>>> print(open('my_file-v4.txt').read())   # compact mmCIF, C-alpha atoms and all ligand atoms
# COMPACT_ATOMS: atom_id res chain seq x y z
CA MET A 218 88.70 101.88 100.18
CA THR A 219 89.72 98.28 100.83
CA LYS A 220 87.95 96.74 103.73
CA ALA A 221 89.02 93.47 105.32
CA ILE A 222 87.77 91.21 108.07
CA VAL A 223 89.77 89.15 110.53
CA PRO A 224 87.27 86.49 111.64
CA GLY A 225 87.60 84.06 114.52
CA SER A 226 86.14 82.74 117.73
CA PHE A 227 88.47 84.89 119.86
CA ASP A 228 87.71 82.82 122.98
CA PRO A 229 89.56 84.87 124.12
CA LEU A 230 91.60 87.20 121.90
CA THR A 231 95.35 86.53 122.36
CA ASN A 232 98.46 88.58 121.62
CA GLY A 233 98.88 86.41 118.51
CA HIS A 234 95.49 87.54 117.21
CA ALA A 235 96.23 91.15 118.15
CA ASP A 236 99.50 91.04 116.18
CA VAL A 237 97.74 89.82 113.02
CA ILE A 238 95.01 92.46 113.46
CA ALA A 239 97.60 95.22 114.00
CA ARG A 240 99.43 94.20 110.82
CA ALA A 241 96.17 94.01 108.85
CA SER A 242 95.30 97.51 110.09
CA GLN A 243 98.43 98.78 108.30
CA MET A 244 97.43 97.08 105.04
CA PHE A 245 93.73 97.94 104.77
CA THR A 246 91.84 101.15 105.31
CA LYS A 247 89.23 99.46 107.49
CA VAL A 248 89.57 96.20 109.39
CA TYR A 249 86.63 94.44 111.00
CA VAL A 250 87.34 91.90 113.70
CA GLY A 251 84.49 89.44 113.20
CA VAL A 252 83.64 87.54 116.35
CA ALA A 253 81.93 84.46 115.01
CA HIS A 254 80.51 81.15 116.08
CA ASN A 255 82.35 77.92 115.34
CA SER A 256 79.91 75.04 115.82
CA ALA A 257 82.83 72.70 116.64
CA LYS A 258 83.78 74.65 119.77
CA ASN A 259 82.61 74.96 123.35
CA TYR A 260 83.25 78.52 124.42
CA TRP A 261 84.51 79.80 127.78
CA PHE A 262 83.12 83.26 127.04
CA THR A 263 79.75 84.27 125.56
CA LEU A 264 79.64 86.13 122.25
CA GLU A 265 79.02 89.40 124.13
CA GLU A 266 82.00 88.77 126.43
CA ARG A 267 84.30 87.84 123.53
CA ILE A 268 83.28 91.05 121.73
CA ALA A 269 83.79 93.22 124.83
CA LEU A 270 87.24 91.73 125.49
CA ALA A 271 88.31 92.21 121.87
CA LYS A 272 87.00 95.82 121.83
CA GLU A 273 88.87 96.76 124.98
CA SER A 274 92.09 95.02 123.86
CA LEU A 275 92.08 96.64 120.41
CA LYS A 276 90.89 100.15 121.23
CA GLN A 277 94.23 101.72 120.23
CA PHE A 278 93.62 100.92 116.53
CA PRO A 279 91.41 103.64 115.03
CA ASN A 280 90.56 101.74 111.82
CA VAL A 281 89.67 98.50 113.62
CA GLU A 282 86.04 97.74 114.50
CA VAL A 283 84.90 94.68 116.43
CA VAL A 284 81.62 93.20 115.18
CA ALA A 285 79.53 90.08 115.74
CA VAL A 286 79.30 87.77 112.74
CA GLU A 287 76.21 85.66 113.14
CA GLY A 288 75.51 83.11 110.43
CA LEU A 289 77.79 82.55 107.46
CA LEU A 290 80.94 84.65 107.23
CA ALA A 291 80.56 84.83 103.43
CA ALA A 292 77.04 86.26 103.79
CA TRP A 293 78.31 88.89 106.25
CA CYS A 294 81.09 89.87 103.83
CA ALA A 295 78.64 90.18 100.93
CA ALA A 296 76.25 92.30 103.01
CA HIS A 297 79.05 94.67 104.11
CA GLU A 298 80.96 94.78 100.79
CA VAL A 299 84.06 93.25 102.36
CA LYS A 300 86.18 91.49 99.75
CA VAL A 301 89.13 90.32 101.85
CA ILE A 302 89.38 87.92 104.77
CA VAL A 303 92.67 87.99 106.71
CA LYS A 304 93.82 84.97 108.69
CA GLY A 305 97.02 84.34 110.60
CA LEU A 306 98.90 81.12 109.90
CA ARG A 307 101.03 79.54 112.61
CA SER A 308 101.76 76.26 110.89
CA GLY A 309 101.05 73.91 108.00
CA GLN A 310 98.30 72.44 110.17
CA ASP A 311 96.64 75.86 110.28
CA PHE A 312 96.81 76.00 106.49
CA GLU A 313 95.14 72.56 106.18
CA TYR A 314 92.30 73.87 108.36
CA GLU A 315 92.01 77.24 106.63
CA TYR A 316 92.32 76.20 102.98
CA PRO A 317 88.84 74.64 102.53
CA GLN A 318 87.24 77.63 104.29
CA ALA A 319 89.10 80.02 101.98
CA VAL A 320 87.92 78.14 98.88
CA LEU A 321 84.36 78.01 100.19
CA ASN A 322 84.26 81.71 101.04
CA ALA A 323 85.64 82.58 97.58
CA ASP A 324 82.96 80.42 95.96
CA LEU A 325 80.14 81.78 98.10
CA ALA A 326 80.88 85.49 97.96
CA ALA A 327 83.98 86.08 95.80
CA VAL A 328 85.93 86.96 98.95
CA GLU A 329 89.69 86.43 98.81
CA THR A 330 91.53 85.12 101.86
CA VAL A 331 94.93 86.64 102.64
CA PHE A 332 97.16 84.62 104.97
CA LEU A 333 99.67 86.38 107.21
CA PRO A 334 102.46 84.26 108.70
CA SER A 335 102.43 84.55 112.47
CA ASN A 336 105.12 86.52 114.21
CA PRO A 337 107.71 83.86 115.21
CA GLN A 338 107.64 85.14 118.79
CA LEU A 339 103.87 84.62 119.01
CA GLY A 340 103.32 81.53 116.84
CA HIS A 341 102.96 79.21 119.82
CA ILE A 342 99.98 81.13 121.25
CA SER A 343 96.43 79.97 120.76
CA SER A 344 93.23 80.57 122.70
CA SER A 345 93.13 76.84 123.52
CA ILE A 346 96.66 76.85 124.94
CA VAL A 347 95.90 79.97 126.98
CA LYS A 348 92.81 78.32 128.50
CA GLU A 349 94.65 75.06 129.15
CA LEU A 350 97.52 76.90 130.89
CA VAL A 351 95.20 79.04 132.97
CA SER A 352 93.12 76.07 134.11
CA TYR A 353 96.29 74.42 135.49
CA GLY A 354 97.40 77.60 137.24
CA GLY A 355 99.94 78.67 134.60
CA ASN A 356 100.77 82.33 134.09
CA VAL A 357 99.49 83.68 130.77
CA GLU A 358 100.22 87.34 131.50
CA ASN A 359 102.57 87.61 128.50
CA LEU A 360 100.19 85.89 126.08
CA VAL A 361 97.10 88.08 126.35
CA SER A 362 96.12 91.70 127.03
CA LYS A 363 95.65 92.95 130.60
CA THR A 364 91.88 92.99 130.02
CA VAL A 365 91.79 89.37 128.86
CA PHE A 366 94.12 88.33 131.69
CA ALA A 367 91.74 89.85 134.25
CA ALA A 368 88.74 88.20 132.57
CA LEU A 369 90.44 84.79 132.65
CA LYS A 370 91.22 85.22 136.36
CA ARG A 371 87.60 86.18 137.06
CA ARG A 372 86.41 83.23 135.03
CA LEU A 373 88.50 80.80 137.09
CA GLU A 374 87.33 82.32 140.36
CA THR A 375 83.65 81.85 139.45
CA ASN A 376 84.10 78.22 138.32
O1 LIG B 1 88.95 80.94 115.62
P1 LIG B 1 88.24 79.85 114.85
O2 LIG B 1 87.23 79.15 115.72
O3 LIG B 1 89.18 78.90 114.18
O4 LIG B 1 87.47 80.62 113.69
C1 LIG B 1 86.66 79.89 112.78
C2 LIG B 1 85.54 80.80 112.26
C3 LIG B 1 84.67 81.27 113.41
C4 LIG B 1 86.17 81.99 111.55
C5 LIG B 1 84.72 79.94 111.26
O5 LIG B 1 84.19 78.83 111.94
C6 LIG B 1 83.61 80.78 110.62
O6 LIG B 1 83.85 81.48 109.66
N1 LIG B 1 82.37 80.68 111.20
C7 LIG B 1 81.24 81.43 110.73
C8 LIG B 1 80.24 80.48 110.07
C9 LIG B 1 80.75 80.10 108.68
O7 LIG B 1 80.83 80.93 107.79
N2 LIG B 1 81.08 78.81 108.53
C10 LIG B 1 81.62 78.31 107.29
C11 LIG B 1 83.12 78.53 107.23
S1 LIG B 1 83.69 78.30 105.60
>>> encode(input="my_file-v4.txt", output="C-alpha cells")
Amino acid sequence: MTKAIVPGSFDPLTNGHADVIARASQMFTKVYVGVAHNSAKNYWFTLEERIALAKESLKQFPNVEVVAVEGLLAAWCAAHEVKVIVKGLRSGQDFEYEYPQAVLNADLAAVETVFLPSNPQLGHISSSIVKELVSYGGNVENLVSKTVFAALKRRLETN
C-alpha cells in the first residue's frame, strides 16, 4: 500500500488544490491532505476551519483523509509511514520554492516528493489570489468549492 500526503496551508483549499488531490487519489491507495502551518503566513482561517473546509470540499474521495500536520512535515511522514509527498507545480517559481523543501524532507525522513504539473485551466489559482479577489469584491465562485465560497463570504461579512 503506497500512502502519500499532499501538504499545504490550504487557506483556503482551492479548485487547483482539489485537482492535484483528485489526481493523487488515482495514483496512491491512500492520500492524506496535511493541513500544516507555514510560519511565513498570516492565515484568514484557523487550522480547525481550514481542516473543516478541506474535509467538506473533498468528501467525494473515499481514499482521501484530511489531517492536521503540527510540527515538521518530515516527522509526521515518519510517524505515519508515509514515503511520498505530492505537490502541485504551477510555474518555475513554484519549483524554486518547493525544491529546497523536497531535498530537506528527503534528508530528514527519506520521503520522496512527487511534483504534478497543474492543470492548465487551473494554474492561475492560488489561495492568495482568491483572498485578494474576494477582498476587492471579485467573484471567486469558479475558483473554489461551494463550501469554501460560502466561508469566504461569511468571513468578509464578519470583518
Ligand atoms: O501551502 P504552503 O503554505 O505553501 O505549504 C507549505 C507547507 C505548509 C507545506 C510547509 O510550510 C510545511 O511543510 N510546513 C510544515 C513545517 C515543516 O515541515 N517545515 C519545513 C519544510 S521543509
>>> closest_atom_pairs(input="my_file-v4.txt", of="chain A", to="ligand LIG 1 (chain B)", cutoff="8 Å", atoms="all atoms listed in the file", output="Markdown table")
| residue | atom | partner | partner_atom | distance |
| --- | --- | --- | --- | --- |
| A:Pro224 | CA | B:LIG1 | C4 | 4.6 |
| A:Gly225 | CA | B:LIG1 | O4 | 3.5 |
| A:Ser226 | CA | B:LIG1 | O1 | 3.9 |
| A:Phe227 | CA | B:LIG1 | O1 | 5.8 |
| A:Asp228 | CA | B:LIG1 | O1 | 7.7 |
| A:Gly251 | CA | B:LIG1 | C4 | 7.8 |
| A:Val252 | CA | B:LIG1 | C3 | 7.0 |
| A:Ala253 | CA | B:LIG1 | C3 | 4.5 |
| A:His254 | CA | B:LIG1 | C3 | 4.9 |
| A:Asn255 | CA | B:LIG1 | O5 | 4.0 |
| A:Ser256 | CA | B:LIG1 | O5 | 6.9 |
| A:Ala257 | CA | B:LIG1 | O5 | 7.8 |
| A:Lys258 | CA | B:LIG1 | O2 | 7.0 |
| A:Val286 | CA | B:LIG1 | C7 | 6.9 |
| A:Glu287 | CA | B:LIG1 | C7 | 7.0 |
| A:Gly288 | CA | B:LIG1 | C8 | 5.4 |
| A:Leu289 | CA | B:LIG1 | O7 | 3.5 |
| A:Leu290 | CA | B:LIG1 | O7 | 3.8 |
| A:Ala291 | CA | B:LIG1 | O7 | 5.9 |
| A:Ala292 | CA | B:LIG1 | O7 | 7.7 |
| A:Pro317 | CA | B:LIG1 | S1 | 7.0 |
| A:Gln318 | CA | B:LIG1 | S1 | 3.8 |
| A:Ala319 | CA | B:LIG1 | S1 | 6.7 |
| A:Val320 | CA | B:LIG1 | S1 | 7.9 |
| A:Leu321 | CA | B:LIG1 | S1 | 5.5 |
| A:Asn322 | CA | B:LIG1 | S1 | 5.7 |
>>> closest_residue(input="my_file-v4.txt", among="A:Gln277, A:Gly309, A:Ala235, A:Leu373", to="Glu349 of chain A", atoms="all atoms listed in the file")
A:Leu373
>>> closest_residue(input="my_file-v4.txt", among="A:Glu282, A:Glu266, A:Glu273, A:Glu358", to="Ile238 of chain A", atoms="only C-alpha atoms")
A:Glu282
>>> closest_residue(input="my_file-v4.txt", among="A:Val283, A:Val347, A:Val223, A:Ala327", to="Ala241 of chain A", atoms="all atoms listed in the file")
A:Val223
>>> closest_residue(input="my_file-v4.txt", among="A:Ala269, A:Ala239, A:Ala326, A:Ile302", to="Ala368 of chain A", atoms="only C-alpha atoms")
A:Ala269
>>> residues_around(input="my_file-v4.txt", residues="Lys370 of chain A", least_positions_apart="5", cutoff="12 Å", atoms="only C-alpha atoms", output="MDAnalysis selection string")
chainID A and resid 347:348 350:358 361 363:365 375:376
>>> atom_distance(input="my_file-v4.txt", atom1="atom CA of Ser362 of chain A", atom2="atom CA of Thr231 of chain A")
7.0 Å
>>> residues_around(input="my_file-v4.txt", residues="Val301 of chain A", least_positions_apart="2", cutoff="6 Å", atoms="only C-alpha atoms", output="list in words")
Ala221, Val299, Val328, Glu329 and Thr330 of chain A
>>> write_last_selection(input="my_file-v4.txt", atoms="C-alpha atoms", output="PDB file, in the frame of the given file")
ATOM      1  CA  ALA A 221      89.020  93.470 105.320  1.00  0.00           C
ATOM      2  CA  VAL A 299      84.060  93.250 102.360  1.00  0.00           C
ATOM      3  CA  VAL A 328      85.930  86.960  98.950  1.00  0.00           C
ATOM      4  CA  GLU A 329      89.690  86.430  98.810  1.00  0.00           C
ATOM      5  CA  THR A 330      91.530  85.120 101.860  1.00  0.00           C
TER       6      THR A 330
END
>>> atom_distance(input="my_file-v4.txt", atom1="atom CA of Leu264 of chain A", atom2="atom CA of Asn280 of chain A")
21.7 Å
>>> atom_distance(input="my_file-v4.txt", atom1="atom CA of Gly340 of chain A", atom2="atom CA of Val237 of chain A")
10.7 Å
>>> closest_residue(input="my_file-v4.txt", among="A:Leu306, A:Cys294, A:Ile346, A:Leu275", to="Lys220 of chain A", atoms="only C-alpha atoms")
A:Cys294
>>> closest_residue(input="my_file-v4.txt", among="A:Ile342, A:Tyr249, A:Ala323, A:Asn336", to="Asn359 of chain A", atoms="all atoms listed in the file")
A:Ile342
>>> residues_around(input="my_file-v4.txt", residues="Leu339 of chain A", least_positions_apart="2", cutoff="9 Å", atoms="all atoms listed in the file", output="ChimeraX atom specification")
/A:232-233,236,307,335-337,341-343,360
